[in-house]
Structures are given as C-alpha cells and as structure tokens.
$ cat work_13.tsv   # TSV, C-alpha atoms and all ligand atoms
chain	number	residue	atom	x	y	z
V	1	MET	CA	-34.56	85.58	224.46
V	2	ILE	CA	-32.84	88.89	225.14
V	3	PRO	CA	-32.37	90.81	221.87
V	4	LEU	CA	-28.82	91.17	220.60
V	5	VAL	CA	-28.21	94.62	219.12
V	6	VAL	CA	-25.27	96.16	217.29
V	7	PRO	CA	-25.57	99.94	217.00
V	8	PHE	CA	-23.11	101.08	214.36
V	9	THR	CA	-21.67	103.96	212.43
V	10	ASN	CA	-18.62	102.05	211.18
V	11	LEU	CA	-19.28	98.33	211.50
V	12	ARG	CA	-16.05	96.33	211.48
V	13	PRO	CA	-16.09	93.13	209.42
V	14	GLU	CA	-14.51	91.25	212.35
V	15	THR	CA	-17.35	92.34	214.63
V	16	GLU	CA	-19.95	91.10	212.17
V	17	ALA	CA	-18.09	87.86	211.40
V	18	ALA	CA	-17.83	87.03	215.11
V	19	LEU	CA	-21.63	87.15	215.35
V	20	ALA	CA	-22.32	84.77	212.48
V	21	GLY	CA	-25.10	82.40	213.45
V	22	GLU	CA	-26.52	84.75	216.08
V	23	ASP	CA	-29.83	86.51	215.67
V	24	VAL	CA	-28.53	90.08	215.54
V	25	LEU	CA	-30.30	93.38	215.05
V	26	TYR	CA	-27.90	95.78	213.32
V	27	VAL	CA	-28.99	99.39	213.72
V	28	ASP	CA	-27.40	102.28	211.83
V	29	VAL	CA	-27.04	105.13	214.32
V	30	SER	CA	-25.07	107.42	212.03
V	31	GLY	CA	-28.04	109.68	211.28
V	32	SER	CA	-27.36	111.97	214.22
V	33	ASP	CA	-25.35	112.17	217.43
V	34	HIS	CA	-28.52	111.26	219.30
V	35	ASP	CA	-29.55	108.10	217.44
V	36	TYR	CA	-27.61	105.88	219.83
V	37	HIS	CA	-29.48	107.33	222.79
V	38	ASP	CA	-32.81	106.95	221.04
V	39	LEU	CA	-32.06	103.30	220.27
V	40	LEU	CA	-31.05	102.56	223.85
V	41	GLY	CA	-34.22	104.24	225.06
V	42	GLU	CA	-36.37	102.20	222.70
V	43	LEU	CA	-34.70	98.93	223.72
V	44	TRP	CA	-34.92	99.81	227.39
V	45	GLY	CA	-38.58	100.75	227.11
V	46	ARG	CA	-39.53	97.31	225.79
V	47	GLY	CA	-38.64	95.79	229.14
V	48	GLN	CA	-37.03	92.75	227.45
V	49	GLY	CA	-33.49	93.61	228.38
V	50	CYS	CA	-30.80	93.80	225.72
V	51	ILE	CA	-27.30	92.73	224.84
V	52	VAL	CA	-25.41	95.61	223.24
V	53	ILE	CA	-22.33	95.03	221.10
V	54	GLU	CA	-20.60	98.12	219.80
V	55	HIS	CA	-19.40	98.18	216.21
V	56	ASP	CA	-15.69	97.66	216.97
V	57	ILE	CA	-15.88	94.92	219.60
V	58	VAL	CA	-15.16	91.32	218.60
V	59	ALA	CA	-17.11	88.73	220.58
V	60	TYR	CA	-14.98	85.59	220.97
V	61	PRO	CA	-16.73	82.22	220.66
V	62	GLY	CA	-18.87	81.63	223.71
V	63	ALA	CA	-19.00	85.25	224.84
V	64	ILE	CA	-22.68	85.76	223.99
V	65	ALA	CA	-23.65	82.37	225.39
V	66	SER	CA	-21.84	83.21	228.60
V	67	LEU	CA	-23.83	86.44	228.98
V	68	ARG	CA	-27.12	84.75	228.09
V	69	GLY	CA	-26.49	81.89	230.45
V	70	CYS	CA	-25.72	84.06	233.46
V	71	GLN	CA	-28.39	84.76	236.06
V	72	GLU	CA	-26.96	88.16	236.96
V	73	ASP	CA	-28.95	91.18	235.75
V	74	TRP	CA	-26.04	93.31	234.58
V	75	CYS	CA	-23.08	91.61	232.90
V	76	GLY	CA	-20.35	92.50	230.49
V	77	VAL	CA	-17.27	91.26	228.71
V	78	PRO	CA	-14.25	93.46	229.44
V	79	TYR	CA	-12.22	95.11	226.72
V	80	LEU	CA	-9.24	97.38	226.54
V	81	VAL	CA	-9.55	101.17	226.73
V	82	GLY	CA	-6.14	102.74	226.93
V	83	ARG	CA	-4.23	100.86	229.62
V	84	ASN	CA	-7.32	99.59	231.42
V	85	PHE	CA	-9.78	96.79	230.96
V	86	VAL	CA	-13.32	98.07	231.36
V	87	VAL	CA	-16.89	96.86	231.17
V	88	ASP	CA	-18.80	99.71	229.59
V	89	LEU	CA	-21.41	99.49	226.87
V	90	GLY	CA	-19.13	97.67	224.42
V	91	LEU	CA	-20.39	94.16	225.11
V	92	THR	CA	-22.97	94.29	227.85
V	93	LYS	CA	-26.13	92.50	228.91
V	94	PHE	CA	-28.97	94.19	230.75
V	95	SER	CA	-31.61	91.69	231.85
V	96	ALA	CA	-35.32	92.22	231.34
V	97	ALA	CA	-35.70	92.49	235.11
V	98	LEU	CA	-33.13	95.26	235.26
V	99	THR	CA	-34.78	97.32	232.53
V	100	VAL	CA	-38.13	96.93	234.27
V	101	ALA	CA	-36.70	97.79	237.71
V	102	TYR	CA	-35.19	101.07	236.47
V	103	PRO	CA	-37.49	102.11	233.63
V	104	ASP	CA	-36.16	105.66	233.35
V	105	ALA	CA	-32.45	104.75	233.32
V	106	VAL	CA	-32.11	105.93	229.71
V	107	SER	CA	-34.93	108.46	229.41
V	108	ARG	CA	-33.68	110.35	232.45
V	109	MET	CA	-30.39	111.30	230.78
V	110	GLU	CA	-29.84	115.01	230.41
V	111	ASP	CA	-27.32	114.61	227.59
V	112	THR	CA	-28.35	112.47	224.63
V	113	HIS	CA	-25.05	112.66	222.72
V	114	TRP	CA	-23.73	109.17	221.88
V	115	ALA	CA	-20.39	109.75	223.58
V	116	THR	CA	-22.00	110.32	226.98
V	117	GLN	CA	-24.32	107.33	227.08
V	118	ASP	CA	-22.04	104.85	228.80
V	119	GLY	CA	-21.02	107.31	231.50
V	120	GLN	CA	-24.58	108.32	232.30
V	121	LEU	CA	-26.14	104.87	232.18
V	122	LEU	CA	-23.40	103.08	234.09
V	123	GLY	CA	-23.02	106.00	236.46
V	124	TYR	CA	-26.70	105.80	237.29
V	125	LEU	CA	-26.80	102.03	237.73
V	126	ARG	CA	-23.54	101.60	239.61
V	127	PRO	CA	-24.67	103.01	242.99
V	128	LEU	CA	-27.92	101.09	242.67
V	129	ARG	CA	-26.48	97.74	241.60
V	130	GLY	CA	-22.81	97.82	242.52
V	131	GLY	CA	-21.41	97.46	239.01
V	132	PRO	CA	-21.60	94.82	236.31
V	133	HIS	CA	-20.64	91.15	236.57
V	134	TRP	CA	-17.43	90.68	234.57
V	135	HIS	CA	-17.14	87.84	232.05
V	136	TRP	CA	-13.49	87.17	231.25
V	137	PRO	CA	-11.61	86.73	228.96
V	138	ALA	CA	-11.45	90.18	227.40
V	139	ALA	CA	-12.78	90.87	223.92
V	140	ARG	CA	-10.81	92.62	221.20
V	141	HIS	CA	-11.52	96.32	220.71
V	142	LEU	CA	-10.71	97.37	217.16
V	143	ASN	CA	-9.90	101.01	217.55
V	144	GLY	CA	-6.98	102.98	218.94
V	145	CYS	CA	-8.24	102.51	222.50
V	146	GLY	CA	-7.76	98.78	222.13
V	147	ASP	CA	-4.28	98.85	220.57
V	148	GLU	CA	-2.98	95.33	221.12
V	149	SER	CA	0.64	96.30	220.49
V	150	ARG	CA	0.68	98.61	223.52
V	151	VAL	CA	2.72	97.46	226.51
V	152	LEU	CA	0.33	97.71	229.46
V	153	ALA	CA	2.70	96.64	232.21
V	154	ASN	CA	5.68	94.40	232.85
V	155	CYS	CA	5.77	91.04	234.54
V	156	GLY	CA	6.61	91.37	238.22
V	157	GLU	CA	8.66	88.16	238.07
V	158	CYS	CA	10.72	88.40	234.90
V	159	GLY	CA	10.06	91.86	233.52
V	160	ALA	CA	8.59	90.66	230.23
V	161	ALA	CA	6.22	93.07	228.49
V	162	LEU	CA	2.54	92.45	229.12
V	163	ARG	CA	0.22	93.31	226.26
V	164	PHE	CA	-3.41	92.54	225.49
V	165	ALA	CA	-2.58	88.97	224.48
V	166	GLU	CA	-1.06	88.12	227.86
V	167	LEU	CA	-3.63	89.95	229.96
V	168	ALA	CA	-6.88	89.17	228.10
V	169	PRO	CA	-7.40	85.86	229.96
V	170	GLY	CA	-8.09	87.89	233.11
V	171	PRO	CA	-7.07	88.00	236.77
V	172	ASN	CA	-6.81	84.27	237.41
V	173	ASN	CA	-5.39	83.14	234.10
V	174	ALA	CA	-3.13	85.88	232.73
V	175	ARG	CA	0.46	84.75	232.27
V	176	CYS	CA	3.53	86.45	230.86
V	177	ARG	CA	5.25	84.85	227.87
V	178	ASN	CA	7.52	82.99	230.27
V	179	GLY	CA	4.58	81.49	232.10
V	180	ASP	CA	4.63	83.63	235.23
V	181	TRP	CA	1.31	84.58	236.81
V	182	CYS	CA	0.54	88.26	236.18
V	183	ASN	CA	-0.31	90.40	239.18
V	184	PHE	CA	-1.44	93.23	236.86
V	185	PHE	CA	-5.03	93.06	238.09
V	186	SER	CA	-4.23	93.01	241.79
V	187	HIS	CA	-2.94	96.56	241.47
V	188	GLY	CA	-6.34	97.75	240.23
N	1	ZN	ZN	-22.80	87.55	234.43
N	2	ZN	ZN	7.30	86.77	233.69

$ encode --input "work_13.tsv" --output "structure tokens"
Amino acid sequence: MIPLVVPFTNLRPETEAALAGEDVLYVDVSGSDHDYHDLLGELWGRGQGCIVIEHDIVAYPGAIASLRGCQEDWCGVPYLVGRNFVVDLGLTKFSAALTVAYPDAVSRMEDTHWATQDGQLLGYLRPLRGGPHWHWPAARHLNGCGDESRVLANCGECGAALRFAELAPGPNNARCRNGDWCNFFSHG
C-alpha cells in the first residue's frame, strides 16, 4: 500500500478530520525551510511511491480511494489556487514505479526550500511523463489561495457568478446555479 503522508506546519482540523480512518503519517516539517524537501527525498528514496496531502487540503470522501485505485503512475486531485484549478503537490499520488523510474527526481533539486518543491518536481516530471492524471472533483484548499467566495468567472449562458462550489465538479459536471453547463474549463 502506498504510504499516505501529511507534511505540516499548520495542520487544519478539517484536513485531519477528512482523513479519519486512513492510515496517515503526519510529519511536522516546521523545523526548517528544508524539512519538506528532506521528507520528500526520504519518501522518494524508499521506492514505494507516496500520496502527499498538504496541511490545508481537504480530501472529500473517496478521493484517496480514487487515487489508490488508479493504475496511472502520477495522479492528483485538483484544488483552487487563485483563479485556477491545479494539480500540484497538494493531493498527489506518485506510484512506486514512478519513484523507481526517476530515482533522483527529488535529490537532484538545486533549491531545497519548501516553496520551490512543487515547481521543481512537477517541472522535472512533466516533460518526461506529460503531466498528472486529474481526479475530479476538486478538493477544498483552506488558505487564501482557495478562497471559495471568489467569483472565478461568469456563466456564458445566464451570467451567474461561478465560484468554487459551481466549478469544483469539473469540466463535465460543473453547472451554474441555474443549471447551465459551465464552459469555464474549455477556455483553459
Ligand atoms: Zn489517476
Ligand atoms: Zn447559467
């Protein structure tokens, strides 16, 4: 079973509550700006793969099972960052095969500061593997980047505001409050 790891400096109660019943390894990475990198490197080096959940992401019921059950090597649940849904390190699965295929993906990083880990790791893997497999719907992101009151777009049919709640179901299922299909995602 791929280990499920929550690196944290400020663990949100909602994040922890959403993982009740899961076998989770919580790791305090507040000791230095480089602890997150060191943890990723240790996990990667085991060659078992890992599922990473950051401390302010709320996994909805079924999210972890969906990642575990998928045969793809690199998967993630999208979440909101600003006006965009992204799959970064917030809720991501790297399979054992992937960690073995690219053993230096973490150790090769020139910058070990926590804030640069997603950019370097995903930036390295993307040309090699074409990007992660997205698992909709989107998860909640409990910091300013994931502000659910923010209007992200307006419905192309009726003009109604589209926020996280309307768009979280994803490209095929997002609807405005009047039931119109949202073309938000087709604009990239
Ligand atoms: Zn997948
Ligand atoms: Zn509408």

$ closest_residue --input "work_13.tsv" --among "V:Cys75, V:Gly90, V:Met109, V:His34" --to "V:Gly130" --atoms "all atoms listed in the file"
V:Cys75

$ residues_near_ligand --input "work_13.tsv" --ligand "ligand ZN 1 (chain N)" --cutoff "7 Å" --atoms "only C-alpha atoms and all ligand atoms" --output "PyMOL selection string"
chain V and resi 67+70-72+74-76+133-135

$ atom_distance --input "work_13.tsv" --atom1 "atom CA of V:Ser149" --atom2 "atom CA of V:Thr116"
27.4 Å

$ closest_residue --input "work_13.tsv" --among "V:Arg177, V:Val77, V:Leu121, V:Gly159" --to "V:Gly62" --atoms "only C-alpha atoms"
V:Val77

$ atom_distance --input "work_13.tsv" --atom1 "atom CA of V:Ala101" --atom2 "atom CA of V:Asp33"
27.3 Å

$ axis_aligned_box --input "work_13.tsv" --around "stretch 59-64 of chain V" --padding-each-side "5 Å" --output "JSON"
{"center_x": -18.8, "center_y": 85.2, "center_z": 222.7, "size_x": 17.7, "size_y": 17.1, "size_z": 14.3}

$ atom_distance --input "work_13.tsv" --atom1 "atom CA of V:Ala165" --atom2 "atom CA of V:Val87"
17.7 Å

$ decode --input "work_13.tsv" --residues "stretch 156-180 of chain V" --atoms "N, CA and C atoms" --output "tab-separated table (two decimals), in the first residue's frame"
chain	number	residue	atom	x	y	z
V	156	GLY	N	-21.58	31.53	-19.16
V	156	GLY	CA	-21.71	32.02	-20.52
V	156	GLY	C	-23.16	32.07	-21.00
V	157	GLU	N	-24.05	31.37	-20.33
V	157	GLU	CA	-25.46	31.33	-20.73
V	157	GLU	C	-26.28	32.41	-20.03
V	158	CYS	N	-26.15	32.50	-18.71
V	158	CYS	CA	-27.03	33.38	-17.95
V	158	CYS	C	-26.30	34.47	-17.18
V	159	GLY	N	-24.96	34.39	-17.15
V	159	GLY	CA	-24.20	35.43	-16.47
V	159	GLY	C	-24.04	35.24	-14.97
V	160	ALA	N	-24.60	34.18	-14.43
V	160	ALA	CA	-24.49	33.95	-12.99
V	160	ALA	C	-23.02	33.76	-12.58
V	161	ALA	N	-22.70	34.23	-11.37
V	161	ALA	CA	-21.34	34.09	-10.86
V	161	ALA	C	-20.99	32.62	-10.68
V	162	LEU	N	-19.76	32.29	-11.04
V	162	LEU	CA	-19.25	30.92	-10.86
V	162	LEU	C	-18.14	30.97	-9.82
V	163	ARG	N	-18.38	30.27	-8.74
V	163	ARG	CA	-17.40	30.19	-7.66
V	163	ARG	C	-16.94	28.74	-7.54
V	164	PHE	N	-16.13	28.48	-6.51
V	164	PHE	CA	-15.62	27.13	-6.28
V	164	PHE	C	-16.75	26.10	-6.29
V	165	ALA	N	-17.84	26.42	-5.59
V	165	ALA	CA	-18.91	25.43	-5.43
V	165	ALA	C	-19.48	24.98	-6.77
V	166	GLU	N	-19.61	25.90	-7.71
V	166	GLU	CA	-20.17	25.54	-9.02
V	166	GLU	C	-19.16	24.80	-9.89
V	167	LEU	N	-17.88	25.18	-9.74
V	167	LEU	CA	-16.86	24.66	-10.65
V	167	LEU	C	-16.15	23.41	-10.15
V	168	ALA	N	-16.20	23.15	-8.84
V	168	ALA	CA	-15.47	22.01	-8.27
V	168	ALA	C	-15.82	20.67	-8.91
V	169	PRO	N	-17.04	20.46	-9.41
V	169	PRO	CA	-17.34	19.16	-10.02
V	169	PRO	C	-16.51	18.86	-11.27
V	170	GLY	N	-15.93	19.90	-11.89
V	170	GLY	CA	-15.02	19.66	-13.00
V	170	GLY	C	-15.64	19.83	-14.37
V	171	PRO	N	-14.82	19.64	-15.42
V	171	PRO	CA	-15.19	20.01	-16.79
V	171	PRO	C	-16.51	19.42	-17.28
V	172	ASN	N	-16.83	18.21	-16.91
V	172	ASN	CA	-18.03	17.59	-17.46
V	172	ASN	C	-19.27	17.83	-16.62
V	173	ASN	N	-19.07	18.22	-15.38
V	173	ASN	CA	-20.20	18.26	-14.45
V	173	ASN	C	-20.49	19.62	-13.82
V	174	ALA	N	-19.63	20.61	-14.08
V	174	ALA	CA	-19.86	21.92	-13.47
V	174	ALA	C	-21.10	22.58	-14.07
V	175	ARG	N	-21.94	23.12	-13.20
V	175	ARG	CA	-23.15	23.81	-13.63
V	175	ARG	C	-23.28	25.11	-12.85
V	176	CYS	N	-23.82	26.13	-13.49
V	176	CYS	CA	-24.12	27.36	-12.75
V	176	CYS	C	-25.34	27.12	-11.87
V	177	ARG	N	-25.67	28.11	-11.03
V	177	ARG	CA	-26.79	27.88	-10.10
V	177	ARG	C	-28.12	27.75	-10.82
V	178	ASN	N	-28.16	28.13	-12.08
V	178	ASN	CA	-29.40	27.96	-12.86
V	178	ASN	C	-29.39	26.69	-13.70
V	179	GLY	N	-28.34	25.90	-13.51
V	179	GLY	CA	-28.31	24.59	-14.16
V	179	GLY	C	-27.65	24.56	-15.52
V	180	ASP	N	-27.08	25.69	-15.95
V	180	ASP	CA	-26.41	25.69	-17.26
V	180	ASP	C	-25.05	25.02	-17.14
